[in-house]
$ cat run_27.csv   # CSV, C-alpha atoms
chain,number,residue,atom,x,y,z
A,1,MET,CA,105.2,139.8,88.8
A,2,THR,CA,105.8,137.4,91.7
A,3,THR,CA,105.8,133.8,90.5
A,4,ARG,CA,103.8,131.2,92.4
A,5,ARG,CA,107.0,129.3,93.1
A,6,GLY,CA,108.6,132.4,94.4
A,7,PHE,CA,105.6,133.1,96.6
A,8,MET,CA,105.8,129.5,98.0
A,9,ALA,CA,109.5,129.8,98.5
A,10,SER,CA,109.1,133.0,100.6
A,11,LEU,CA,106.4,131.2,102.7
A,12,LEU,CA,108.7,128.3,103.3
A,13,ALA,CA,111.6,130.7,104.2
A,14,THR,CA,109.4,132.1,107.0
A,15,GLY,CA,108.5,128.7,108.2
A,16,PHE,CA,104.8,129.2,107.3
A,17,ALA,CA,103.2,127.4,104.3
A,18,PRO,CA,99.5,127.3,104.6
A,19,ARG,CA,97.3,125.4,102.2
A,20,LEU,CA,96.5,128.0,99.6
A,21,GLY,CA,93.1,128.7,98.2
A,22,TRP,CA,92.2,129.3,94.5
A,23,ALA,CA,92.9,133.0,94.8
A,24,ALA,CA,96.6,132.1,94.9
A,25,VAL,CA,96.4,130.8,91.3
A,26,GLY,CA,94.4,133.6,89.8
A,27,SER,CA,91.0,132.5,91.0
A,28,PRO,CA,90.3,130.2,88.0
A,29,ALA,CA,86.7,129.5,87.1
A,30,TYR,CA,87.4,126.3,85.1
A,31,LEU,CA,89.8,123.4,84.7
A,32,ALA,CA,90.6,121.9,81.2
A,33,ALA,CA,93.1,119.4,79.9
A,34,ALA,CA,94.9,119.9,76.5
A,35,LYS,CA,97.5,118.6,74.2
A,36,ASP,CA,100.4,121.0,73.4
A,37,PRO,CA,101.9,121.4,69.9
A,38,GLU,CA,105.1,119.5,70.9
A,39,GLY,CA,103.0,116.5,71.9
A,40,GLY,CA,103.0,117.0,75.6
A,41,PHE,CA,99.9,117.4,77.8
A,42,ALA,CA,98.8,119.8,80.5
A,43,LEU,CA,96.1,120.8,82.9
A,44,TYR,CA,95.0,124.5,82.6
A,45,GLY,CA,93.2,126.9,84.9
A,46,LEU,CA,91.0,129.3,83.0
A,47,SER,CA,89.1,132.5,83.8
A,48,GLU,CA,85.6,133.3,82.6
A,49,ALA,CA,87.2,135.4,80.0
A,50,GLY,CA,89.3,132.5,78.7
A,51,ALA,CA,92.6,133.7,80.1
A,52,VAL,CA,95.0,131.1,81.5
A,53,THR,CA,95.6,131.4,85.2
A,54,PHE,CA,97.9,128.4,85.6
A,55,ARG,CA,99.3,125.5,83.5
A,56,VAL,CA,100.6,122.2,85.0
A,57,PRO,CA,102.2,119.6,82.8
A,58,LEU,CA,100.7,116.1,82.8
A,59,PRO,CA,102.6,112.8,82.1
A,60,GLY,CA,99.9,111.7,79.6
A,61,ARG,CA,96.6,112.7,78.0
A,62,GLY,CA,94.1,114.1,80.5
A,63,HIS,CA,90.4,113.7,80.3
A,64,ALA,CA,88.3,115.4,83.0
A,65,GLY,CA,89.3,116.9,86.4
A,66,ALA,CA,88.0,117.7,89.8
A,67,GLY,CA,88.7,120.8,91.7
A,68,HIS,CA,88.9,120.9,95.5
A,69,PRO,CA,86.1,123.2,96.8
A,70,ARG,CA,88.5,125.2,99.1
A,71,ARG,CA,92.1,124.5,98.2
A,72,ALA,CA,94.1,125.2,95.0
A,73,GLU,CA,94.2,121.4,94.5
A,74,ALA,CA,92.9,119.5,91.5
A,75,VAL,CA,92.7,115.8,90.5
A,76,ALA,CA,93.6,115.2,86.8
A,77,PHE,CA,92.2,111.9,85.5
A,78,ALA,CA,93.9,110.0,82.8
A,79,ARG,CA,92.0,109.2,79.6
A,80,ARG,CA,89.7,106.2,80.1
A,81,PRO,CA,90.7,103.5,80.8
A,82,GLY,CA,93.2,105.0,83.2
A,83,SER,CA,95.6,103.4,85.7
A,84,PHE,CA,96.2,106.7,87.6
A,85,ALA,CA,94.9,110.0,88.7
A,86,LEU,CA,97.2,112.8,89.8
A,87,VAL,CA,96.5,115.2,92.7
A,88,ILE,CA,98.2,118.5,91.8
A,89,ASP,CA,99.0,121.5,93.9
A,90,CYS,CA,98.0,124.1,91.4
A,91,ALA,CA,100.0,126.8,93.3
A,92,THR,CA,103.4,125.0,92.8
A,93,GLY,CA,102.7,122.6,90.0
A,94,ASP,CA,103.8,119.7,92.1
A,95,VAL,CA,102.1,116.3,92.0
A,96,ILE,CA,101.4,115.7,95.7
A,97,HIS,CA,99.6,112.3,95.3
A,98,ARG,CA,99.3,109.7,92.6
A,99,LEU,CA,96.1,107.6,93.0
A,100,THR,CA,96.3,104.1,91.7
A,101,PRO,CA,93.2,101.9,91.8
A,102,PRO,CA,93.4,98.4,93.3
A,103,ALA,CA,94.5,95.5,91.1
A,104,GLY,CA,91.7,94.4,88.7
A,105,HIS,CA,90.2,98.0,88.5
A,106,HIS,CA,90.8,100.9,86.2
A,107,LEU,CA,89.7,104.5,86.4
A,108,ASN,CA,87.1,105.9,84.0
A,109,GLY,CA,88.1,109.5,83.6
A,110,HIS,CA,85.9,111.3,86.1
A,111,GLY,CA,85.6,112.0,89.8
A,112,ALA,CA,84.0,114.3,92.3
A,113,TYR,CA,84.7,115.7,95.7
A,114,ALA,CA,82.2,115.3,98.5
A,115,ALA,CA,81.8,116.2,102.2
A,116,ASP,CA,83.3,119.7,101.6
A,117,GLY,CA,86.4,118.2,100.1
A,118,ALA,CA,87.1,115.6,102.8
A,119,ILE,CA,86.3,112.7,100.4
A,120,LEU,CA,87.1,112.1,96.7
A,121,LEU,CA,84.9,109.7,94.7
A,122,THR,CA,86.2,108.1,91.5
A,123,SER,CA,84.4,106.4,88.6
A,124,GLU,CA,85.9,102.9,88.1
A,125,GLN,CA,85.1,99.5,86.7
A,126,GLU,CA,86.3,96.0,87.2
A,127,ILE,CA,88.6,95.1,84.4
A,128,ASP,CA,87.3,91.5,83.8
A,129,SER,CA,83.6,92.1,84.2
A,130,SER,CA,83.2,95.9,83.5
A,131,ALA,CA,81.1,96.1,86.6
A,132,GLY,CA,80.9,99.7,87.9
A,133,ARG,CA,82.5,100.7,91.1
A,134,ILE,CA,82.9,104.0,93.0
A,135,GLY,CA,86.2,104.4,94.7
A,136,VAL,CA,86.3,106.2,98.0
A,137,TRP,CA,89.4,108.2,99.0
A,138,ASP,CA,90.0,109.9,102.4
A,139,VAL,CA,91.4,113.3,101.3
A,140,THR,CA,92.1,114.5,104.9
A,141,ALA,CA,94.3,111.4,105.4
A,142,GLY,CA,96.3,112.1,102.3
A,143,TYR,CA,94.0,110.5,99.7
A,144,VAL,CA,94.1,107.1,101.3
A,145,ARG,CA,91.8,104.5,99.6
A,146,VAL,CA,89.2,103.6,102.2
A,147,GLY,CA,86.7,101.6,100.2
A,148,ALA,CA,84.4,101.2,97.1
A,149,PHE,CA,80.8,100.4,96.3
A,150,PRO,CA,78.9,99.3,93.2
A,151,THR,CA,77.4,101.8,90.8
A,152,GLY,CA,74.4,99.6,89.9
A,153,GLY,CA,75.5,99.1,86.3
A,154,ILE,CA,78.5,98.4,84.1
A,155,GLY,CA,80.9,100.7,82.3
A,156,PRO,CA,80.3,103.9,84.4
A,157,HIS,CA,81.7,107.2,83.1
A,158,GLU,CA,80.8,110.6,84.6
A,159,ILE,CA,79.7,110.9,88.2
A,160,ARG,CA,78.3,114.1,89.8
A,161,LEU,CA,77.4,115.1,93.3
A,162,MET,CA,73.8,116.2,93.7
A,163,PRO,CA,72.9,119.6,95.3
A,164,ASP,CA,71.9,117.9,98.6
A,165,GLY,CA,75.6,116.9,99.0
A,166,ALA,CA,74.6,113.4,100.0
A,167,THR,CA,73.6,111.8,96.7
A,168,LEU,CA,75.8,110.8,93.8
A,169,VAL,CA,74.4,110.4,90.3
A,170,VAL,CA,76.2,108.0,88.0
A,171,ALA,CA,76.1,107.6,84.2
A,172,ASN,CA,76.4,103.9,83.7
A,173,GLY,CA,77.3,103.5,80.0
A,174,GLY,CA,76.2,99.9,79.9
A,175,ILE,CA,79.1,98.7,77.7
A,176,ALA,CA,81.3,95.8,78.6
A,177,THR,CA,84.7,96.0,77.1
A,178,ASP,CA,87.5,93.6,76.4
A,179,PRO,CA,90.4,94.2,78.9
A,180,ASP,CA,93.0,93.8,76.3
A,181,ASP,CA,91.8,95.8,73.2
A,182,ARG,CA,88.7,97.7,74.6
A,183,SER,CA,86.5,96.1,72.0
A,184,LYS,CA,82.8,96.3,72.9
A,185,LEU,CA,81.5,92.9,73.9
A,186,ASN,CA,77.7,93.3,74.6
A,187,LEU,CA,76.1,95.7,72.2
A,188,ASP,CA,73.1,93.4,71.7
A,189,THR,CA,72.5,93.2,75.4
A,190,MET,CA,73.9,96.4,76.9
A,191,ARG,CA,71.7,98.2,79.5
A,192,PRO,CA,72.8,101.8,80.2
A,193,SER,CA,71.4,103.3,83.3
A,194,LEU,CA,71.3,106.4,85.4
A,195,THR,CA,71.7,105.6,89.1
A,196,TYR,CA,71.4,107.7,92.2
A,197,LEU,CA,73.4,106.5,95.2
A,198,THR,CA,74.0,107.6,98.8
A,199,LEU,CA,77.7,108.3,99.6
A,200,GLN,CA,77.5,104.9,101.4
A,201,GLY,CA,76.5,103.1,98.2
A,202,ILE,CA,72.8,102.6,98.9
A,203,LEU,CA,70.7,102.8,95.7
A,204,LYS,CA,68.0,105.6,95.8
A,205,ASP,CA,66.8,105.5,92.2
A,206,ARG,CA,67.6,103.8,88.9
A,207,VAL,CA,66.5,104.8,85.4
A,208,GLU,CA,66.8,102.9,82.1
A,209,LEU,CA,65.7,103.9,78.7
A,210,ASP,CA,63.1,102.1,76.6
A,211,ARG,CA,64.2,98.8,75.2
A,212,ASP,CA,64.6,100.1,71.6
A,213,LEU,CA,67.1,102.7,72.9
A,214,HIS,CA,69.2,100.2,74.8
A,215,ARG,CA,72.2,101.0,72.6
A,216,ASN,CA,72.1,104.6,73.6
A,217,SER,CA,75.0,104.7,76.1
A,218,ILE,CA,74.6,107.3,78.9
A,219,ARG,CA,78.0,109.0,79.3
A,220,HIS,CA,78.0,112.5,80.6
A,221,LEU,CA,76.1,114.6,83.2
A,222,ALA,CA,75.1,118.1,84.1
A,223,VAL,CA,73.3,118.9,87.3
A,224,ARG,CA,71.2,122.0,88.0
A,225,SER,CA,70.9,123.6,91.5
A,226,ASP,CA,67.3,122.3,91.9
A,227,GLY,CA,68.3,118.7,91.2
A,228,LEU,CA,67.4,118.5,87.5
A,229,VAL,CA,69.9,116.2,85.7
A,230,GLY,CA,70.9,116.4,82.0
A,231,PHE,CA,72.5,113.3,80.5
A,232,ALA,CA,74.3,113.1,77.2
A,233,LEU,CA,74.1,109.9,75.1
A,234,GLN,CA,76.3,108.1,72.5
A,235,TRP,CA,74.6,105.8,70.1
A,236,GLN,CA,76.2,102.4,69.7
A,237,GLY,CA,73.9,101.1,66.9
A,238,GLY,CA,74.2,101.5,63.2
A,239,ALA,CA,75.5,104.6,61.5
A,240,GLY,CA,73.0,107.1,60.0
A,241,ALA,CA,70.4,106.8,62.8
A,242,ALA,CA,68.8,109.9,64.1
A,243,MET,CA,68.6,109.2,67.8
A,244,PRO,CA,68.0,111.5,70.8
A,245,LEU,CA,71.3,112.4,72.4
A,246,LEU,CA,70.1,114.3,75.4
A,247,GLY,CA,67.9,113.3,78.4
A,248,LEU,CA,66.5,115.1,81.3
A,249,HIS,CA,65.6,113.5,84.7
A,250,ARG,CA,64.5,114.3,88.2
A,251,MET,CA,64.7,111.7,90.9
A,252,GLY,CA,61.4,109.8,91.2
A,253,ASP,CA,60.2,110.8,87.7
A,254,ALA,CA,60.4,109.3,84.3
A,255,PRO,CA,63.1,110.6,82.0
A,256,ILE,CA,62.4,113.0,79.2
A,257,LEU,CA,64.3,112.6,75.9
A,258,ALA,CA,65.0,115.8,74.0
A,259,GLU,CA,65.0,115.6,70.3
A,260,ALA,CA,66.2,117.9,67.6
A,261,PRO,CA,64.8,118.1,64.1
A,262,LEU,CA,65.8,115.2,61.8
A,263,ALA,CA,68.5,117.0,59.8
A,264,ASP,CA,70.0,118.4,63.0
A,265,GLU,CA,69.9,115.0,64.8
A,266,LEU,CA,71.6,113.3,61.8
A,267,ALA,CA,74.3,115.9,61.8
A,268,MET,CA,75.4,115.0,65.3
A,269,GLN,CA,76.5,111.6,64.0
A,270,GLY,CA,75.1,109.7,67.1
A,271,TYR,CA,77.6,111.3,69.5
A,272,ALA,CA,77.3,113.8,72.3
A,273,GLY,CA,80.6,114.6,73.9
A,274,SER,CA,79.7,117.0,76.7
A,275,VAL,CA,76.6,118.5,78.4
A,276,ALA,CA,76.1,121.6,80.5
A,277,PHE,CA,73.4,123.8,81.8
A,278,SER,CA,73.6,127.5,80.8
A,279,GLY,CA,74.9,129.9,83.4
A,280,ASP,CA,71.4,131.0,84.5
A,281,GLY,CA,70.1,127.4,84.3
A,282,SER,CA,67.3,128.2,82.0
A,283,GLU,CA,68.5,125.9,79.2
A,284,LEU,CA,71.1,123.2,78.5
A,285,ALA,CA,73.3,122.1,75.6
A,286,ILE,CA,75.2,119.2,74.2
A,287,THR,CA,78.2,119.2,71.9
A,288,SER,CA,79.4,116.8,69.1
A,289,PRO,CA,83.0,117.0,68.0
A,290,ARG,CA,82.1,114.4,65.3
A,291,GLY,CA,79.3,116.6,63.9
A,292,GLY,CA,81.0,119.9,64.6
A,293,ARG,CA,78.0,121.5,66.3
A,294,LEU,CA,76.3,122.4,69.6
A,295,HIS,CA,72.6,121.9,70.2
A,296,ARG,CA,70.6,124.0,72.7
A,297,PHE,CA,67.5,122.9,74.4
A,298,ALA,CA,65.0,124.4,76.9
A,299,ASP,CA,64.8,122.7,80.3
A,300,ASP,CA,61.6,120.9,79.1
A,301,GLY,CA,63.4,119.3,76.2
A,302,ALA,CA,62.3,121.7,73.4
A,303,PHE,CA,65.0,122.3,70.8
A,304,LEU,CA,66.2,125.9,70.7
A,305,GLY,CA,68.8,125.8,67.9
A,306,ALA,CA,72.2,124.7,66.7
A,307,VAL,CA,75.7,126.4,66.6
A,308,PRO,CA,78.2,125.0,64.1
A,309,ARG,CA,81.8,124.8,65.3
A,310,ALA,CA,84.5,122.4,64.1
A,311,ASP,CA,85.7,119.8,66.7
A,312,ILE,CA,83.7,121.4,69.5
A,313,CYS,CA,83.4,119.3,72.7
A,314,GLY,CA,84.2,121.0,76.0
A,315,LEU,CA,81.2,122.7,77.6
A,316,ALA,CA,80.5,124.5,80.9
A,317,PRO,CA,78.2,127.1,82.3
A,318,LEU,CA,79.1,130.8,81.7
A,319,ARG,CA,77.2,133.9,82.7
A,320,GLY,CA,74.9,134.6,79.8
A,321,GLY,CA,75.3,131.1,78.3
A,322,TYR,CA,78.1,128.6,77.9
A,323,LEU,CA,81.9,128.4,77.6
A,324,ALA,CA,82.9,125.9,74.9
A,325,SER,CA,86.3,124.6,73.7
A,326,ASP,CA,87.4,122.9,70.5
A,327,GLY,CA,90.3,120.8,69.3
A,328,LEU,CA,91.9,123.7,67.5
A,329,GLY,CA,92.6,125.7,70.7
A,330,GLY,CA,89.5,127.9,70.6
A,331,LEU,CA,87.5,129.1,73.6
A,332,ILE,CA,84.1,130.4,72.7
A,333,ALA,CA,81.3,132.1,74.7
A,334,ILE,CA,77.9,131.0,73.4
A,335,GLY,CA,75.0,133.1,74.4
A,336,HIS,CA,71.4,133.6,73.3
A,337,ASP,CA,72.7,135.8,70.5
A,338,GLY,CA,75.1,133.2,69.2
A,339,PRO,CA,78.9,132.5,69.6
A,340,ALA,CA,81.7,134.9,70.3
A,341,ALA,CA,85.4,134.1,70.3
A,342,LEU,CA,87.1,134.6,73.6
A,343,ALA,CA,90.6,133.2,73.0
A,344,ARG,CA,92.7,130.8,71.0
A,345,LEU,CA,95.6,129.0,72.6
A,346,ASP,CA,98.3,127.0,70.9
A,347,CYS,CA,96.9,123.7,72.1
A,348,ALA,CA,94.2,121.1,71.4
A,349,TRP,CA,91.6,121.1,74.1
A,350,ASP,CA,90.4,117.7,75.3
A,351,ASN,CA,86.7,116.7,75.8
A,352,HIS,CA,85.7,118.5,79.0
A,353,ILE,CA,85.7,121.8,80.8
A,354,VAL,CA,85.2,121.5,84.5
A,355,ARG,CA,83.5,124.4,86.4
A,356,LEU,CA,85.1,125.2,89.8
$ encode --input "run_27.csv" --output "structure tokens"
Amino acid sequence: MTTRRGFMASLLATGFAPRLGWAAVGSPAYLAAAKDPEGGFALYGLSEAGAVTFRVPLPGRGHAGAGHPRRAEAVAFARRPGSFALVIDCATGDVIHRLTPPAGHHLNGHGAYAADGAILLTSEQEIDSSAGRIGVWDVTAGYVRVGAFPTGGIGPHEIRLMPDGATLVVANGGIATDPDDRSKLNLDTMRPSLTYLTLQGILKDRVELDRDLHRNSIRHLAVRSDGLVGFALQWQGGAGAAMPLLGLHRMGDAPILAEAPLADELAMQGYAGSVAFSGDGSELAITSPRGGRLHRFADDGAFLGAVPRADICGLAPLRGGYLASDGLGGLIAIGHDGPAALARLDCAWDNHIVRL
């Protein structure tokens, strides 16, 4: 079998090295970061069947990633708070750019391409104030930093491009953190929010939960093709509370909070690590590595059931349901009829699976 490096070397020998598309690295459907048994870290490309299409070493623990819409190029974000993001040529394994935020900022583990891959947007916050910022990078100029704009909240985490291609939705977690030890400084006054911004930073909509839910930090996002947003929550109040951990929202409307039965809600331990719509968009799910379970909901918020799985967290759409990952190296297909094992790798998957 011809290796990717051999293929690239042959192109260079002929004087022709085009920018390769995702087919050159096995047409992966997903990106996911993991920890290897020896303690190293890597970014993986995965097929829908759970097969590895490529593996690129990382210098530290990865969190989420972003795949370029046309080229075999991915951004691997460091675990929050991060001081770097690596732009990786997935065909060669080379780091072609290292993105460093300006002094006084750090990266928050997520990003998104826009304008057909011409722009990269990164979730960031000011170190001293925790004020949220969106970093703007010109991809066509070699990932040059060209600006930033406020997120409309503090402690942003995941950001997603909306289906119109012109709107960014931001999960502002609402938590101010100490720049030295990351301790939480404002739990009594935190105000998580969901904001919708133009790519120029103009606020289009802002949503906050009721005051008695102000400690429910909005962390992760899923977006359906018709603009329906699912948002996953992490409770920052006292232990043992049965709080809703999934919300649904459409711009201009009030949010809907999806609740599970009491025993199921308690079992989640106040923590949703990932959220995704199913492959057909008819439902969505959240995962809890702390609770060791996945909860499924209809798109109107009705609870559909739970799937137990130790240390489950990564979640993405898959034909017929979801692809999920766990900290024991498992990749699982979850459909209407329940879970089915796809593969088990000798690694520990991190929190997220990113659909390409």
$ closest_residue --input "run_27.csv" --among "A:Asp205, A:Leu233, A:Val139, A:Cys347" --to "Gly40 of chain A" --atoms "only C-alpha atoms"
A:Cys347
$ closest_residue --input "run_27.csv" --among "A:Arg145, A:Trp22, A:Tyr113, A:Gly173" --to "Gln125 of chain A" --atoms "all atoms listed in the file"
A:Gly173
$ residues_around --input "run_27.csv" --residues "Ile96 of chain A" --least-positions-apart "3" --cutoff "8 Å" --atoms "all atoms listed in the file" --output "JSON, numbers by chain"
{"A": [86, 87, 88, 89]}
$ residues_near_point --input "run_27.csv" --point "(65.6, 98.8, 75.9)" --cutoff "12 Å" --atoms "all atoms listed in the file" --output "list in words"
Gly174, Leu187, Asp188, Thr189, Met190, Arg191, Pro192, Ser193, Val207, Glu208, Leu209, Asp210, Arg211, Asp212, Leu213, His214, Arg215, Asn216 and Ser217 of chain A
$ closest_residue --input "run_27.csv" --among "A:Leu294, A:Ile134, A:Leu203, A:Val229" --to "Leu257 of chain A" --atoms "only C-alpha atoms"
A:Val229
$ closest_residue --input "run_27.csv" --among "A:Ala242, A:Asn108, A:Ser225, A:Asp181" --to "Gly165 of chain A" --atoms "all atoms listed in the file"
A:Ser225
$ closest_residue --input "run_27.csv" --among "A:Pro156, A:Arg296, A:Tyr30, A:Tyr143" --to "Leu46 of chain A" --atoms "all atoms listed in the file"
A:Tyr30
$ decode --input "run_27.csv" --residues "segment 255-310 of chain A" --atoms "C-alpha atoms" --output "compact mmCIF listing (two decimals), in the first residue's frame"
# COMPACT_ATOMS: atom_id res chain seq x y z
CA PRO A 255 -35.57 28.08 24.90
CA ILE A 256 -37.03 24.66 25.73
CA LEU A 257 -35.41 22.66 28.52
CA ALA A 258 -35.55 18.90 28.06
CA GLU A 259 -35.89 16.89 31.26
CA ALA A 260 -35.41 13.21 31.99
CA PRO A 261 -37.23 11.30 34.74
CA LEU A 262 -35.87 12.03 38.22
CA ALA A 263 -33.77 8.88 38.61
CA ASP A 264 -32.23 9.31 35.15
CA GLU A 265 -31.51 13.00 35.74
CA LEU A 266 -29.81 12.24 39.06
CA ALA A 267 -27.68 9.54 37.41
CA MET A 268 -26.13 12.13 35.06
CA GLN A 269 -24.44 13.77 38.08
CA GLY A 270 -25.13 17.28 36.79
CA TYR A 271 -22.82 16.94 33.79
CA ALA A 272 -23.39 16.71 30.04
CA GLY A 273 -20.12 16.36 28.14
CA SER A 274 -21.28 16.33 24.50
CA VAL A 275 -24.44 16.83 22.47
CA ALA A 276 -25.40 15.80 18.93
CA PHE A 277 -28.38 15.37 16.67
CA SER A 278 -28.94 11.91 15.24
CA GLY A 279 -27.96 11.26 11.66
CA ASP A 280 -31.50 11.85 10.38
CA GLY A 281 -32.02 14.87 12.68
CA SER A 282 -35.17 13.44 14.24
CA GLU A 283 -33.74 13.38 17.77
CA LEU A 284 -30.71 14.43 19.80
CA ALA A 285 -28.69 13.08 22.69
CA ILE A 286 -26.32 14.11 25.45
CA THR A 287 -23.60 12.09 27.18
CA SER A 288 -22.26 12.06 30.73
CA PRO A 289 -18.87 10.45 31.39
CA ARG A 290 -19.45 11.03 35.10
CA GLY A 291 -22.76 9.22 35.05
CA GLY A 292 -21.71 6.65 32.45
CA ARG A 293 -24.80 7.09 30.28
CA LEU A 294 -26.33 8.66 27.19
CA HIS A 295 -29.78 10.26 27.17
CA ARG A 296 -31.91 10.46 24.02
CA PHE A 297 -34.58 13.11 23.44
CA ALA A 298 -37.07 13.93 20.70
CA ASP A 299 -36.62 17.28 18.98
CA ASP A 300 -39.49 18.70 21.09
CA GLY A 301 -37.62 17.81 24.31
CA ALA A 302 -39.47 14.57 25.18
CA PHE A 303 -37.27 11.95 26.85
CA LEU A 304 -36.78 8.82 24.74
CA GLY A 305 -34.53 6.70 26.93
CA ALA A 306 -31.06 6.08 28.35
CA VAL A 307 -28.09 3.99 27.22
CA PRO A 308 -25.57 2.97 29.91
CA ARG A 309 -21.88 3.05 28.94
CA ALA A 310 -18.87 3.58 31.22
